[in-house]
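Structure first, commentary second.
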Amino acid sequence: MRPNRGRPGIRGGMRGPVRPFGGPPGPFRPFIPHIPFDLVQCENAFPRAKPVPEEKALTDHSSNYYQALLKRHTDLTPSSAEQASILALVTKVQGILDNLVIAPSGFEAATLEEVRQVGSFKKGTMLAGHNVADIVVMFKTLPTKEAVTALANKVSDEIKSQEPQEEAVPPRKRVAQNLPKTVVAMLPNESGFEVASGDAAVQCLITTIPPNLKKLDPELHLDGKMMNSRLAAIRHARWFEENGQHSSVKVLIRLLRDLKNRFEGISPLTPWIIDLLAHFAVINNPSRQPLPINQAFKRALQMLAAGFFLPGSVGITDPCEQGTIRVHTVMTLEQQDQVCFTSQTLLRVLSHGGYKQILGMEGNASIATEMSVWEGVVVTPSEKAYEKPPEKKEEQEDEMDEEMDGENV
């Protein structure tokens, strides 16, 4: 039987995609995301004639570049005293909250469902000088502002009740053992409260069970979007605990977070995007063997420079959300372009030996915005490709509203 070539919608004779009922007339094209070029994935299709000296300097484990990466990571890692200080405070605060979950006697302001550690301290990727740990406290009841204040006061009272035992330690012995100070500050905020002791701090982020999110009143309870993000933080911590424990992944996360703090063009990357990007750069390759940190760091810049997080890119699908939600869509179009052209400039600087300036060991962040010369090679910063459409002025909008009102009258 011949295929019917005249009727659209018949298999074999369809001239174009069938539009949905009630849709616009004419054919439409489905969205098909493209895969940016990744040299690691396509290495077998591009055999190299011979390794160039610049490439060998970036891949050899005995090179200065590799040693610089390790040294910079050591500088970004909190000291043993900092880790001990924050661990002691986290253990103390979580112990108090866990007791309220198990036996909430004497605390009637709210009922706690669960207490979870999240964030960089839980993942083992905390930066030096940023001694703040995050704990998500899930309410079983509706999280009113009064209940959060009552919980903060309860935690403060419990900590103060434990202080006399610590004050019994002589000052000299306290300094010798690097014990934390007993001064505790309680700082309430919009998302919960913060407990500070010495140089360490613990943020207690409040959320509630998912069925309660539909019952929230903005005037009585905490912000629903913020509490939803706390639930997502719990899912992120669980995923990372199962998939991101390789040492190269954690090292790359610290280096990328430091890159974000020093270069404005990389700043739109969120901590969750950095976690997934580092895991992808280290683990996702044809051999399924983790890449060393020197290759993974360059690969991360290569993917960003190739448009890995641009509109239309397949990017990285969020493993903790249902559907095909791409993590880079939380950035605006202007921010996506900013990350791409800044990474292109940094990649060219890295390829010509400027790794110390990129890692922050020499120079400053001007290499991403100003022209620089590396061994006779001029690196010109990439320019933005996205132009934000002009916004209508308020006067024009008012005039249009008046004209419409006149027509309606």
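Every chain in the structure tokens takes a letter, A first, then B, and so on in the order presented; its residues are numbered from 1, and the ligands are numbered from 1 following the presented order.
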
Tell me, as a compact mmCIF listing (two decimals) with N, CA and C atoms, in the first residue's frame, which residues lie within 8 Å of range 74-82 of chain A, counting only C-alpha atoms; anything in the same chain fewer than 3 positions away does not count.
```txt
# COMPACT_ATOMS: atom_id res chain seq x y z
N LEU A 70 47.66 21.87 43.79
CA LEU A 70 47.65 21.24 45.11
C LEU A 70 47.96 22.25 46.21
N LYS A 71 48.91 23.15 45.94
CA LYS A 71 49.26 24.15 46.96
C LYS A 71 48.10 25.11 47.19
N SER A 85 37.08 23.48 65.84
CA SER A 85 36.19 24.46 66.46
C SER A 85 34.77 24.34 65.93
N ILE A 86 34.63 24.26 64.63
CA ILE A 86 33.28 24.19 64.06
C ILE A 86 32.65 22.83 64.28
N MET A 126 34.34 22.91 52.58
CA MET A 126 34.34 24.25 53.19
C MET A 126 35.67 24.96 52.89
N LEU A 127 35.58 26.28 52.66
CA LEU A 127 36.75 27.09 52.40
C LEU A 127 37.30 27.66 53.71
N ALA A 128 38.59 27.88 53.74
CA ALA A 128 39.23 28.47 54.92
C ALA A 128 38.70 29.89 55.12
N GLY A 129 38.47 30.25 56.37
CA GLY A 129 37.94 31.56 56.70
C GLY A 129 36.44 31.67 56.62
N ASN A 131 33.95 29.67 58.25
CA ASN A 131 33.64 28.61 59.19
C ASN A 131 32.17 28.65 59.59
N ASN A 178 43.28 24.42 71.92
CA ASN A 178 42.49 25.09 70.88
C ASN A 178 40.99 24.87 71.09
N ASP A 199 35.16 31.63 66.60
CA ASP A 199 35.33 31.82 65.15
C ASP A 199 34.41 30.92 64.33
N ALA A 200 33.59 30.12 65.00
CA ALA A 200 32.71 29.18 64.29
C ALA A 200 31.27 29.64 64.41
N ARG A 254 36.50 23.17 45.63
CA ARG A 254 37.15 24.27 46.34
C ARG A 254 37.79 25.26 45.37
N LEU A 255 38.46 24.75 44.34
CA LEU A 255 39.13 25.63 43.38
C LEU A 255 38.10 26.45 42.60
N ASP A 258 36.61 29.17 44.82
CA ASP A 258 37.56 30.27 44.95
C ASP A 258 37.58 31.10 43.67
```

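Looking only at range 153-327 of chain A, the set that DSSP places in strand (DSSP E) from backbone geometry is Val184, Ala185, Met186, Leu187, Pro188, Asn189, Gly192, Phe193, Glu194, Val195, Ala196, Ser197, Ala200, Ala201, Val202, Gln203, Cys204, Leu205, Ile206, Thr207 and Thr208 of chain A.
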
File of the preceding selection, N, CA and C atoms, as a CSV table (one decimal), in the first residue's frame:
```
chain,number,residue,atom,x,y,z
A,184,VAL,N,28.5,32.8,73.3
A,184,VAL,CA,27.6,32.3,72.3
A,184,VAL,C,26.7,33.5,71.9
A,185,ALA,N,26.5,33.7,70.6
A,185,ALA,CA,25.6,34.8,70.1
A,185,ALA,C,24.5,34.1,69.3
A,186,MET,N,23.3,34.6,69.6
A,186,MET,CA,22.1,34.0,68.8
A,186,MET,C,21.6,35.1,67.9
A,187,LEU,N,21.7,34.9,66.6
A,187,LEU,CA,21.3,35.9,65.6
A,187,LEU,C,20.1,35.4,64.8
A,188,PRO,N,18.9,35.8,65.1
A,188,PRO,CA,17.8,35.4,64.3
A,188,PRO,C,17.8,36.1,62.9
A,189,ASN,N,17.3,35.4,61.9
A,189,ASN,CA,17.2,35.9,60.5
A,189,ASN,C,15.9,35.4,59.9
A,192,GLY,N,15.8,31.5,59.7
A,192,GLY,CA,16.0,30.7,60.9
A,192,GLY,C,16.8,31.5,61.9
A,193,PHE,N,17.8,30.9,62.4
A,193,PHE,CA,18.7,31.6,63.4
A,193,PHE,C,20.1,31.0,63.3
A,194,GLU,N,21.1,31.8,63.8
A,194,GLU,CA,22.5,31.4,63.7
A,194,GLU,C,23.1,31.4,65.1
A,195,VAL,N,23.9,30.4,65.4
A,195,VAL,CA,24.6,30.2,66.7
A,195,VAL,C,26.0,30.4,66.4
A,196,ALA,N,26.6,31.4,67.1
A,196,ALA,CA,28.0,31.7,66.9
A,196,ALA,C,28.8,31.5,68.2
A,197,SER,N,30.0,30.9,68.1
A,197,SER,CA,30.8,30.7,69.2
A,197,SER,C,32.2,30.8,68.8
A,200,ALA,N,33.6,30.1,65.0
A,200,ALA,CA,32.7,29.2,64.3
A,200,ALA,C,31.3,29.6,64.4
A,201,ALA,N,30.4,29.2,63.5
A,201,ALA,CA,29.0,29.5,63.5
A,201,ALA,C,28.2,28.4,62.8
A,202,VAL,N,27.0,28.2,63.3
A,202,VAL,CA,26.1,27.2,62.7
A,202,VAL,C,24.8,27.9,62.4
A,203,GLN,N,24.4,27.8,61.1
A,203,GLN,CA,23.1,28.3,60.7
A,203,GLN,C,22.1,27.3,60.8
A,204,CYS,N,21.0,27.5,61.5
A,204,CYS,CA,19.9,26.6,61.6
A,204,CYS,C,18.8,27.1,60.7
A,205,LEU,N,18.6,26.4,59.6
A,205,LEU,CA,17.7,26.8,58.5
A,205,LEU,C,16.4,26.0,58.7
A,206,ILE,N,15.3,26.8,58.8
A,206,ILE,CA,14.0,26.2,59.1
A,206,ILE,C,13.3,25.8,57.8
A,207,THR,N,12.6,24.7,57.9
A,207,THR,CA,11.7,24.2,56.8
A,207,THR,C,10.6,23.4,57.4
A,208,THR,N,9.7,22.9,56.6
A,208,THR,CA,8.6,22.1,57.1
A,208,THR,C,8.4,20.9,56.2
```

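Checking A:Ala300, A:Val339, A:Leu87, A:Val40 one by one against Ser267 in chain A, counting only C-alpha atoms, you find the shortest gap at A:Val339.
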
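One distance worth recording is that between CA of Gln94 in chain A and CA of Val155 in chain A, which is 9.7 Å.
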
**Study point:** Ser248 in chain A surroundings by only C-alpha atoms, 8 Å radius, close-in-sequence under 6 positions cut, as an MDAnalysis selection string
**Key:** chainID A and resid 282 290:293

Write a file of the just-selected residues containing N, CA, C and O atoms, as a PDB file, in the first residue's frame.
```pdb
ATOM      1  N   VAL A 282      35.132  15.466  36.563  1.00  0.00           N
ATOM      2  CA  VAL A 282      36.031  14.421  37.069  1.00  0.00           C
ATOM      3  C   VAL A 282      35.570  13.028  36.665  1.00  0.00           C
ATOM      4  O   VAL A 282      36.373  12.192  36.226  1.00  0.00           O
ATOM      5  N   PRO A 290      38.159   8.368  37.332  1.00  0.00           N
ATOM      6  CA  PRO A 290      38.269   9.779  37.729  1.00  0.00           C
ATOM      7  C   PRO A 290      39.514  10.439  37.145  1.00  0.00           C
ATOM      8  O   PRO A 290      40.613   9.882  37.196  1.00  0.00           O
ATOM      9  N   LEU A 291      39.337  11.617  36.595  1.00  0.00           N
ATOM     10  CA  LEU A 291      40.457  12.368  36.038  1.00  0.00           C
ATOM     11  C   LEU A 291      41.264  13.012  37.152  1.00  0.00           C
ATOM     12  O   LEU A 291      40.715  13.393  38.191  1.00  0.00           O
ATOM     13  N   PRO A 292      42.572  13.168  36.975  1.00  0.00           N
ATOM     14  CA  PRO A 292      43.370  13.902  37.966  1.00  0.00           C
ATOM     15  C   PRO A 292      42.958  15.372  37.977  1.00  0.00           C
ATOM     16  O   PRO A 292      42.364  15.884  37.028  1.00  0.00           O
ATOM     17  N   ILE A 293      43.302  16.075  39.046  1.00  0.00           N
ATOM     18  CA  ILE A 293      42.805  17.421  39.249  1.00  0.00           C
ATOM     19  C   ILE A 293      43.306  18.390  38.174  1.00  0.00           C
ATOM     20  O   ILE A 293      42.586  19.321  37.775  1.00  0.00           O
TER      21      ILE A 293
END
```

Check your understanding: Would you give me, as a ChimeraX atom specification, the residues in range 201-281 of chain A that DSSP reads as helix (DSSP H, G or I)?
Key -> /A:210-215,224-243,247-262,264-266,271-281

Point to revise | CA of Ala305 in chain A to CA of His279 in chain A, straight-line distance in Å | key: 17.5 Å

Check your understanding: What gap, in Å, lies between CA of Glu383 in chain A and CA of Glu334 in chain A?
Key -> 12.2 Å

Taking a cut-off of 10 Å and counting only C-alpha atoms, can you build a table that, for each residue of range 199-253 of chain A near range 271-276 of chain A, reports the nearest atom pair and how far apart they are in Å (one decimal), sorted by chain then residue number, as a tab-separated table?
```
residue	atom	partner	partner_atom	distance
A:Ala233	CA	A:Trp272	CA	8.8
A:His236	CA	A:Trp272	CA	7.6
A:Ala237	CA	A:Trp272	CA	9.8
A:Phe240	CA	A:Asp275	CA	8.1
A:Asn243	CA	A:Leu276	CA	10.0
A:Gly244	CA	A:Asp275	CA	8.1
A:Val249	CA	A:Asp275	CA	8.0
A:Lys250	CA	A:Asp275	CA	8.4
A:Leu252	CA	A:Asp275	CA	8.8
A:Ile253	CA	A:Asp275	CA	6.1
```

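Nearest to Leu112 in chain A of all the residues A:Gln162, A:Thr141, A:Thr125, A:Gln302 is A:Thr141, based on only C-alpha atoms.
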
Exercise for review: For Gln335 in chain A, list every protein, DNA or RNA residue within 12 Å, evaluated using only C-alpha atoms, and leave out those in the same chain fewer than 5 positions away; present the list as a PyMOL selection string.
Suggested key: chain A and resi 264-270+309-311+328-330+340-342+384-388

Check your understanding: Could you name the residues that touch Val118 in chain A at 8 Å or less, counting only C-alpha atoms, but leaving out those on the same chain fewer than 2 positions away, as number ranges by chain?
Key -> A: 116, 120-123, 133-136, 233-234, 236-237
